[in-house]
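File shown: upload33.cif. Contents: mmCIF, C-alpha atoms.
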```cif
data_data
loop_
_atom_site.label_atom_id
_atom_site.label_comp_id
_atom_site.auth_asym_id
_atom_site.auth_seq_id
_atom_site.Cartn_x
_atom_site.Cartn_y
_atom_site.Cartn_z
CA MET A 621 -35.48 -12.78 21.91
CA GLY A 622 -35.48 -9.20 20.52
CA SER A 623 -32.61 -6.82 21.11
CA ALA A 624 -34.66 -4.71 23.57
CA SER A 625 -35.59 -7.73 25.69
CA PHE A 626 -32.00 -9.02 25.39
CA LEU A 627 -30.73 -5.72 26.82
CA SER A 628 -33.30 -5.73 29.63
CA GLY A 629 -32.32 -9.37 30.31
CA MET A 630 -28.76 -8.15 30.98
CA ARG A 631 -29.90 -5.89 33.82
CA PRO A 632 -30.13 -8.46 36.68
CA GLY A 633 -26.59 -9.72 36.05
CA LEU A 634 -25.32 -6.18 35.66
CA VAL A 635 -26.85 -5.15 39.00
CA MET A 636 -25.48 -8.23 40.77
CA ALA A 637 -21.97 -7.40 39.53
CA LEU A 638 -22.15 -4.03 41.28
CA GLY A 639 -22.19 -5.56 44.78
CA ALA A 640 -19.49 -7.70 46.40
CA PRO A 641 -17.93 -8.72 43.04
CA ALA A 642 -17.24 -5.06 42.26
CA ILE A 643 -15.40 -4.56 45.54
CA ALA A 644 -13.40 -7.78 45.27
CA MET A 645 -12.44 -7.22 41.63
CA GLY A 646 -11.94 -3.50 42.09
CA ALA A 647 -9.51 -4.03 44.96
CA THR A 648 -7.53 -6.70 43.12
CA PHE A 649 -7.27 -4.84 39.81
CA LEU A 650 -6.40 -1.63 41.64
CA ALA A 651 -3.46 -3.47 43.18
CA PHE A 652 -2.54 -4.89 39.76
CA GLY A 653 -2.54 -1.43 38.13
CA ALA A 654 -0.24 -0.15 40.86
CA ALA A 655 2.07 -3.17 40.48
CA VAL A 656 2.37 -2.57 36.71
CA ARG A 657 3.42 1.04 37.24
CA GLU A 658 5.84 0.01 39.96
CA ALA A 659 7.39 -2.43 37.47
CA GLY A 660 7.98 0.41 35.00
CA LEU A 661 5.26 -0.35 32.42
CA GLY A 662 2.69 2.12 31.08
CA LEU A 663 -1.08 2.35 31.36
CA PRO A 664 -1.78 0.82 27.88
CA TRP A 665 0.09 -2.34 28.87
CA ALA A 666 -1.74 -2.46 32.22
CA LEU A 667 -5.13 -2.14 30.53
CA GLY A 668 -4.20 -4.66 27.83
CA ALA A 669 -3.18 -7.23 30.43
CA ALA A 670 -6.23 -6.61 32.62
CA LEU A 671 -8.80 -6.76 29.81
CA LEU A 672 -7.28 -9.22 27.32
CA ILE A 673 -5.75 -11.70 29.75
CA TYR A 674 -8.46 -11.07 32.40
CA GLY A 675 -7.24 -13.68 34.86
CA MET A 676 -5.09 -12.52 37.75
CA PRO A 677 -2.60 -15.43 38.08
CA GLY A 678 -1.76 -15.16 34.36
CA GLN A 679 -1.55 -11.36 34.53
CA LEU A 680 0.83 -11.46 37.48
CA LEU A 681 3.01 -14.11 35.89
CA LEU A 682 3.22 -12.15 32.64
CA LEU A 683 4.16 -9.02 34.57
CA GLN A 684 6.78 -10.89 36.54
CA PHE A 685 8.48 -12.09 33.33
CA VAL A 686 8.27 -8.98 31.13
CA ALA A 687 8.80 -6.14 33.60
CA PRO A 688 11.89 -4.10 32.71
CA SER A 689 13.10 -4.82 36.25
CA ALA A 690 12.71 -8.62 35.79
CA ALA A 691 15.84 -10.66 36.44
CA GLY A 692 17.56 -11.35 33.14
CA GLY A 693 15.30 -8.94 31.28
CA GLY A 694 12.46 -11.44 31.10
CA GLY A 695 11.68 -13.21 27.85
CA VAL A 696 8.71 -13.54 25.52
CA ALA A 697 8.42 -17.34 25.31
CA PRO A 698 8.57 -18.10 29.06
CA ALA A 699 6.23 -15.17 29.75
CA VAL A 700 3.60 -16.41 27.28
CA LEU A 701 3.86 -20.07 28.30
CA GLY A 702 3.73 -19.13 31.97
CA ALA A 703 0.65 -16.92 31.56
CA VAL A 704 -1.19 -19.54 29.46
CA ALA A 705 -0.37 -22.30 31.94
CA ALA A 706 -1.37 -20.16 34.92
CA ASN A 707 -4.76 -19.43 33.34
CA ALA A 708 -5.27 -22.90 31.85
CA ARG A 709 -8.26 -23.27 34.20
CA PHE A 710 -10.19 -21.21 31.62
CA LEU A 711 -10.46 -24.37 29.52
CA PRO A 712 -12.42 -26.51 32.04
CA MET A 713 -14.37 -23.41 33.14
CA ALA A 714 -15.47 -22.74 29.55
CA VAL A 715 -16.38 -26.42 29.16
CA ALA A 716 -18.53 -26.33 32.31
CA LEU A 717 -20.19 -22.99 31.49
CA THR A 718 -20.96 -23.35 27.77
CA PRO A 719 -23.93 -25.77 28.00
CA TRP A 720 -25.71 -23.22 30.22
CA LEU A 721 -25.33 -20.46 27.63
CA ARG A 722 -27.35 -22.26 25.00
CA GLY A 723 -30.53 -20.24 24.39
CA ARG A 724 -32.82 -19.53 21.51
CA GLY A 725 -30.32 -17.18 19.85
CA GLY A 726 -28.10 -18.48 17.11
CA GLU A 727 -25.71 -21.29 17.90
CA TRP A 728 -22.84 -18.79 17.73
CA ALA A 729 -24.41 -16.15 20.03
CA ARG A 730 -22.85 -17.81 23.06
CA PHE A 731 -19.38 -16.95 21.73
CA LEU A 732 -20.11 -13.35 22.79
CA ALA A 733 -19.27 -14.65 26.27
CA LEU A 734 -15.79 -15.83 25.23
CA PRO A 735 -13.65 -12.86 26.40
CA PHE A 736 -15.33 -12.84 29.82
CA ILE A 737 -14.85 -16.43 30.94
CA ALA A 738 -12.83 -15.95 34.11
CA ILE A 739 -13.12 -16.92 37.76
CA THR A 740 -15.42 -14.15 38.97
CA PRO A 741 -18.12 -14.31 36.25
CA TRP A 742 -17.88 -18.11 36.14
CA ALA A 743 -18.22 -18.58 39.91
CA ALA A 744 -21.09 -16.07 40.10
CA ALA A 745 -22.92 -17.57 37.13
CA MET A 746 -22.76 -21.29 37.91
CA PRO A 747 -25.22 -21.19 40.85
CA VAL A 748 -27.54 -18.70 39.06
CA LEU A 749 -27.83 -19.93 35.46
CA PRO A 750 -29.52 -23.31 36.11
CA GLY A 751 -32.41 -21.48 37.81
CA LEU A 752 -33.06 -19.15 34.86
CA ALA A 753 -35.10 -19.79 31.73
CA ALA A 754 -32.86 -20.92 28.86
CA GLU A 755 -33.27 -17.69 26.88
CA ALA A 756 -32.43 -15.55 29.96
CA ARG A 757 -29.05 -17.16 30.68
CA LEU A 758 -26.81 -15.58 28.03
CA PRO A 759 -28.14 -12.02 28.65
CA TRP A 760 -27.66 -12.50 32.42
CA PHE A 761 -24.09 -13.67 31.93
CA LEU A 762 -23.22 -10.87 29.51
CA GLY A 763 -24.70 -8.25 31.86
CA PHE A 764 -22.65 -9.53 34.79
CA ALA A 765 -19.52 -10.04 32.71
CA LEU A 766 -19.54 -6.67 30.93
CA MET A 767 -19.97 -4.79 34.19
CA SER A 768 -17.19 -6.79 35.92
CA TRP A 769 -14.87 -6.37 32.93
CA SER A 770 -15.48 -2.60 32.77
CA LEU A 771 -14.88 -2.24 36.51
CA ALA A 772 -11.66 -4.24 36.18
CA GLY A 773 -10.43 -1.80 33.53
CA LEU A 774 -11.39 1.26 35.57
CA ALA A 775 -9.78 -0.11 38.73
CA THR A 776 -6.58 -0.96 36.84
CA ALA A 777 -6.36 2.61 35.51
CA ALA A 778 -7.04 3.99 39.00
CA GLY A 779 -4.36 1.77 40.55
CA HIS A 780 -1.84 2.83 37.90
CA ALA A 781 -2.59 6.49 38.63
CA LEU A 782 -2.64 6.14 42.43
CA MET A 783 0.47 3.94 42.81
CA PRO A 784 2.65 6.66 44.37
CA LEU A 785 0.05 7.09 47.14
CA LEU A 786 -0.28 3.39 48.09
CA ASP A 787 2.05 1.65 50.52
CA PRO A 788 2.96 -2.05 49.98
CA ALA A 789 0.98 -3.26 53.01
CA ALA A 790 -2.19 -1.57 51.73
CA LEU A 791 -1.66 -3.21 48.32
CA ALA A 792 -1.30 -6.62 49.96
CA ALA A 793 -4.56 -6.12 51.89
CA LEU A 794 -6.31 -5.13 48.66
CA LEU A 795 -5.06 -8.32 46.99
CA PHE A 796 -6.63 -10.42 49.78
CA ALA A 797 -10.12 -9.23 48.80
CA ASN A 798 -10.00 -11.59 45.84
CA PRO A 799 -9.40 -14.96 47.60
CA LEU A 800 -11.79 -13.90 50.37
CA TYR A 801 -14.53 -13.21 47.83
CA PHE A 802 -13.87 -16.55 46.10
CA ALA A 803 -14.09 -18.31 49.49
CA LEU A 804 -17.52 -16.71 50.03
CA LEU A 805 -18.64 -17.74 46.55
CA LEU A 806 -17.56 -21.31 47.24
CA ALA A 807 -19.44 -21.23 50.55
CA ALA A 808 -22.55 -20.09 48.68
CA GLY A 809 -22.36 -23.10 46.37
CA MET A 810 -21.73 -25.72 49.07
CA GLY A 811 -25.35 -26.93 49.05
CA ALA A 812 -24.68 -29.39 46.23
CA PRO A 813 -22.77 -32.54 47.28
CA SER A 814 -20.70 -32.45 44.05
CA SER A 815 -19.55 -28.89 44.84
CA ARG A 816 -18.73 -29.81 48.44
CA ARG A 817 -16.61 -32.75 47.29
CA ALA A 818 -14.81 -30.63 44.68
CA VAL A 819 -14.06 -27.81 47.13
CA LEU A 820 -12.75 -30.26 49.72
CA GLY A 821 -10.70 -32.04 47.05
CA GLY A 822 -9.17 -28.77 45.84
CA ALA A 823 -8.35 -27.58 49.36
CA LEU A 824 -6.74 -30.91 50.28
CA ALA A 825 -4.79 -31.03 47.01
CA ALA A 826 -3.49 -27.45 47.41
CA PRO A 827 -0.21 -28.53 49.08
CA VAL A 828 0.59 -30.50 45.90
CA ALA A 829 0.77 -27.14 44.15
CA LEU A 830 3.81 -26.27 46.25
CA LEU A 831 5.71 -29.12 44.58
CA LEU A 832 4.94 -27.94 41.03
CA PRO A 833 6.41 -25.08 38.94
CA PRO A 834 4.45 -21.89 39.83
CA ALA A 835 2.76 -21.66 36.42
CA TRP A 836 1.28 -25.16 36.74
CA ALA A 837 0.55 -25.11 40.46
CA LEU A 838 -3.14 -24.17 40.49
CA LEU A 839 -4.18 -26.31 37.54
CA GLY A 840 -2.21 -29.30 38.89
CA ALA A 841 -3.90 -29.11 42.29
CA GLY A 842 -7.31 -28.57 40.68
CA LEU A 843 -6.92 -31.48 38.27
CA LEU A 844 -5.93 -33.81 41.10
CA GLY A 845 -8.50 -32.68 43.66
CA GLY A 846 -11.32 -32.19 41.16
CA THR A 847 -10.80 -35.52 39.41
CA VAL A 848 -10.66 -37.46 42.68
CA ALA A 849 -13.83 -35.67 43.87
CA PHE A 850 -15.59 -36.43 40.58
CA LEU A 851 -14.60 -40.13 40.70
CA LEU A 852 -15.71 -40.42 44.34
CA GLY A 853 -19.08 -38.94 43.37
CA ARG A 854 -19.52 -41.43 40.53
CA GLY A 855 -18.49 -44.32 42.79
CA GLY A 856 -20.94 -43.18 45.46
CA ARG A 857 -23.82 -43.16 42.97
CA GLY A 858 -22.85 -46.41 41.29
CA MET B 1245 13.77 -6.23 20.47
CA ASP B 1246 13.79 -3.69 23.33
CA VAL B 1247 12.07 -4.27 26.66
CA ASP B 1248 8.85 -2.43 25.74
CA ASP B 1249 8.51 -4.30 22.42
CA ALA B 1250 9.10 -7.60 24.18
CA ALA B 1251 6.46 -6.75 26.82
CA THR B 1252 3.93 -5.85 24.11
CA ALA B 1253 4.69 -8.98 22.07
CA ALA B 1254 4.34 -11.17 25.16
CA LEU B 1255 1.04 -9.51 26.05
CA LEU B 1256 -0.45 -10.01 22.58
CA LEU B 1257 0.70 -13.63 22.32
CA ALA B 1258 -0.60 -14.42 25.82
CA ALA B 1259 -3.93 -12.78 24.92
CA ALA B 1260 -4.13 -15.08 21.86
CA GLY B 1261 -3.46 -17.99 24.21
CA MET B 1262 -6.41 -16.92 26.40
CA VAL B 1263 -8.71 -16.88 23.35
CA ALA B 1264 -7.51 -20.40 22.51
CA LEU B 1265 -8.21 -21.65 26.06
CA ARG B 1266 -11.65 -20.07 26.32
CA GLY B 1267 -12.67 -20.80 22.72
CA GLY B 1268 -11.30 -24.34 22.88
CA GLY B 1269 -13.41 -25.05 25.97
CA MET B 1270 -16.52 -23.58 24.34
CA LEU B 1271 -16.03 -25.64 21.17
CA LEU B 1272 -15.37 -28.82 23.18
CA ALA B 1273 -18.56 -28.37 25.19
CA GLY B 1274 -20.70 -27.01 22.35
CA THR B 1275 -22.79 -30.10 21.78
CA LEU B 1276 -22.88 -31.54 25.29
CA ARG B 1277 -25.65 -31.23 27.88
CA PRO B 1278 -24.92 -29.80 31.38
CA ASP B 1279 -25.30 -33.24 32.98
CA HIS B 1280 -22.81 -34.95 30.65
CA PRO B 1281 -20.00 -36.62 32.69
CA PHE B 1282 -17.33 -34.59 30.87
CA ILE B 1283 -19.09 -31.34 31.81
CA ARG B 1284 -19.51 -32.45 35.42
CA TRP B 1285 -15.83 -33.44 35.56
CA ALA B 1286 -14.82 -30.01 34.18
CA ALA B 1287 -17.03 -28.28 36.78
CA SER B 1288 -15.47 -30.39 39.54
CA VAL B 1289 -11.94 -29.48 38.38
CA SER B 1290 -12.88 -25.77 38.14
CA HIS B 1291 -14.32 -25.75 41.68
CA ALA B 1292 -11.22 -27.53 42.94
CA VAL B 1293 -8.94 -24.98 41.23
CA LEU B 1294 -10.83 -22.21 42.98
CA ALA B 1295 -10.60 -23.97 46.36
CA ALA B 1296 -6.86 -24.53 45.84
CA PHE B 1297 -6.46 -20.83 44.95
CA VAL B 1298 -8.13 -19.78 48.22
CA THR B 1299 -6.19 -22.33 50.29
CA LEU B 1300 -2.85 -21.26 48.83
CA ALA B 1301 -3.67 -17.59 49.38
CA VAL B 1302 -3.94 -18.38 53.09
CA ILE B 1303 -1.29 -21.05 53.69
CA ALA B 1304 1.42 -20.19 51.13
CA PRO B 1305 0.74 -17.05 49.08
CA ALA B 1306 3.11 -15.66 46.48
CA GLY B 1307 4.01 -12.03 45.87
CA ALA B 1308 2.68 -9.15 47.93
CA LEU B 1309 0.16 -11.30 49.84
CA ALA B 1310 3.08 -13.07 51.51
CA SER B 1311 3.93 -9.80 53.28
CA LEU B 1312 0.78 -10.19 55.42
CA PRO B 1313 1.33 -12.37 58.52
CA TRP B 1314 -0.33 -15.79 58.13
CA PRO B 1315 -2.46 -15.43 61.30
CA ALA B 1316 -3.89 -12.21 59.81
CA ARG B 1317 -4.75 -14.03 56.55
CA LEU B 1318 -6.34 -16.91 58.44
CA LEU B 1319 -8.31 -14.63 60.79
CA GLY B 1320 -9.51 -12.55 57.84
CA LEU B 1321 -10.78 -15.65 56.06
CA LEU B 1322 -12.45 -17.08 59.19
CA ALA B 1323 -14.08 -13.73 60.01
CA GLY B 1324 -15.46 -13.48 56.49
CA MET B 1325 -16.89 -17.00 56.64
CA ALA B 1326 -18.35 -16.42 60.13
CA ALA B 1327 -20.00 -13.20 58.98
CA TYR B 1328 -21.36 -15.03 55.93
CA ALA B 1329 -22.97 -17.68 58.17
CA ALA B 1330 -24.26 -15.11 60.67
CA SER B 1331 -25.72 -12.80 58.04
CA GLY B 1332 -27.61 -15.53 56.21
CA GLY B 1333 -25.31 -15.47 53.19
CA ARG B 1334 -24.90 -11.74 52.54
CA MET B 1335 -21.74 -11.20 50.50
CA LEU B 1336 -20.96 -7.54 50.97
CA PRO B 1337 -20.99 -7.37 54.81
CA SER B 1338 -19.07 -10.66 54.92
CA LEU B 1339 -16.39 -9.31 52.60
CA GLY B 1340 -16.17 -6.12 54.66
CA ALA B 1341 -15.92 -8.05 57.94
CA GLY B 1342 -13.15 -10.29 56.59
CA LEU B 1343 -11.08 -7.37 55.30
CA ALA B 1344 -11.62 -5.36 58.50
CA VAL B 1345 -10.39 -8.26 60.65
CA LEU B 1346 -7.43 -8.80 58.30
CA LEU B 1347 -6.38 -5.15 58.63
CA ALA B 1348 -6.91 -5.14 62.40
CA ALA B 1349 -4.88 -8.33 62.82
CA ARG B 1350 -2.09 -6.98 60.58
CA ALA B 1351 -1.92 -3.84 62.72
CA LEU B 1352 -1.75 -5.86 65.95
CA LEU B 1353 0.67 -8.62 64.88
#
```
Would you mind giving the structure from this file in structure tokens?
Amino acid sequence: MGSASFLSGMRPGLVMALGAPAIAMGATFLAFGAAVREAGLGLPWALGAALLIYGMPGQLLLLQFVAPSAAGGGGVAPAVLGAVAANARFLPMAVALTPWLRGRGGEWARFLALPFIAITPWAAAMPVLPGLAAEARLPWFLGFALMSWSLAGLATAAGHALMPLLDPAALAALLFANPLYFALLLAAGMGAPSSRRAVLGGALAAPVALLLPPAWALLGAGLLGGTVAFLLGRGGRG
Amino acid sequence: MDVDDAATAALLLAAAGMVALRGGGMLLAGTLRPDHPFIRWAASVSHAVLAAFVTLAVIAPAGALASLPWPARLLGLLAGMAAYAASGGRMLPSLGAGLAVLLAARALL
């Protein structure tokens, strides 16, 4: 695929990212930018966390530990371990996504997608990529991911700037856009029995998360619910 | 190390951790086909993580979300899903309907 056709192949994903994903991500990262300023940290730190961590649970945990106002002054080791654990879902998400990014480009071209593997691009891509031609998948993903990532950065900067104008209740409502959008994405993928089982498993396992340390809560519930759903699916076929 | 240095160091180390998670997953899956059991297990776990994230945001959220009354969170979610079903799967109006009901319920409760 030439560079011109690669760029034009990015357009459909880029356009899709401008709809509901832009609103959901924009609202959430706006709230994050405001929270960083409220915690006493500057715009460079806010942008670094939004664009390099690029996963809200890990971002919030990092902020909670390192903010100048954190109890005990925070600490580097617990902050890093907490953020990595909170975003450990990136590992299974990358595993599930990578086979769909294999096109005719070089074997290493798919690593262009590495910084953008996060819930929103992953959840938007998984129902779309199997229906595309192999060589169209990586450009689609990069188009979607680059637009989402750029919007996340812009929204973070806007939130940091607008913090004095936002009241806490408005920030909380903005934060709800994210789980609501993910719920809609899950509903969109419920046609496949394996997805239905996994979603049900994750929802039923969610209370287990309340028994775990906050950094491990999501991954723990997902591992339990997702593994049980996977095993039930295999048993049903066998 | 002052507070700003510690915050920067933590950010850079955590960012390296994210590269390890994402890159590790890509290397692990590099030679496998989409229908390999390991890939399907990873997809199942990822979907379940997402479902747990949504469930916890409604039943037991942390941080600022907890300041919204739980009936408002639940009504917002249900309104979004209902609008999704009624609109034939259109994301944007469904998202708008869910947030509008959330805000209305928060104002009333």
Practice problem: Give me, as number ranges by chain, the contact residues of chain A against chain B at a cut-off of 7 Å, counting only C-alpha atoms. | Solution: A: 639-640, 669, 672-673, 686, 688, 696, 699-700, 703-704, 708-716, 718-720, 734, 737, 792, 795-797, 799-804, 815, 818-819, 821-823, 825-826, 838-839, 841-843, 845-847, 850
Quiz prompt | Result set, the PyMOL selection byres ((chain A and resi 763) around 9) on current file, as a ChimeraX atom specification | solution = /A:627,629-637,758-762,764-768
Quiz item: Hey, which of A:Pro833, A:Gly751, A:Gly653, A:Pro784 ends up closest to A:Leu683? Count all atoms listed in the file.
Solution: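 Under the stated criterion, the closest residue is A:Gly653.
Atom CA of B:Ala1316 to atom CA of A:Gly809 spans 25.3 Å [interatomic distance, one decimal].
Atom pair atom CA of A:Trp728 / atom CA of A:Leu667 has a distance of 27.5 Å (rounded to one decimal).
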Quiz item: How many Å lie between atom CA of A:Ser814 and atom CA of A:Trp742, rounded to one decimal?
Solution: 16.6 Å
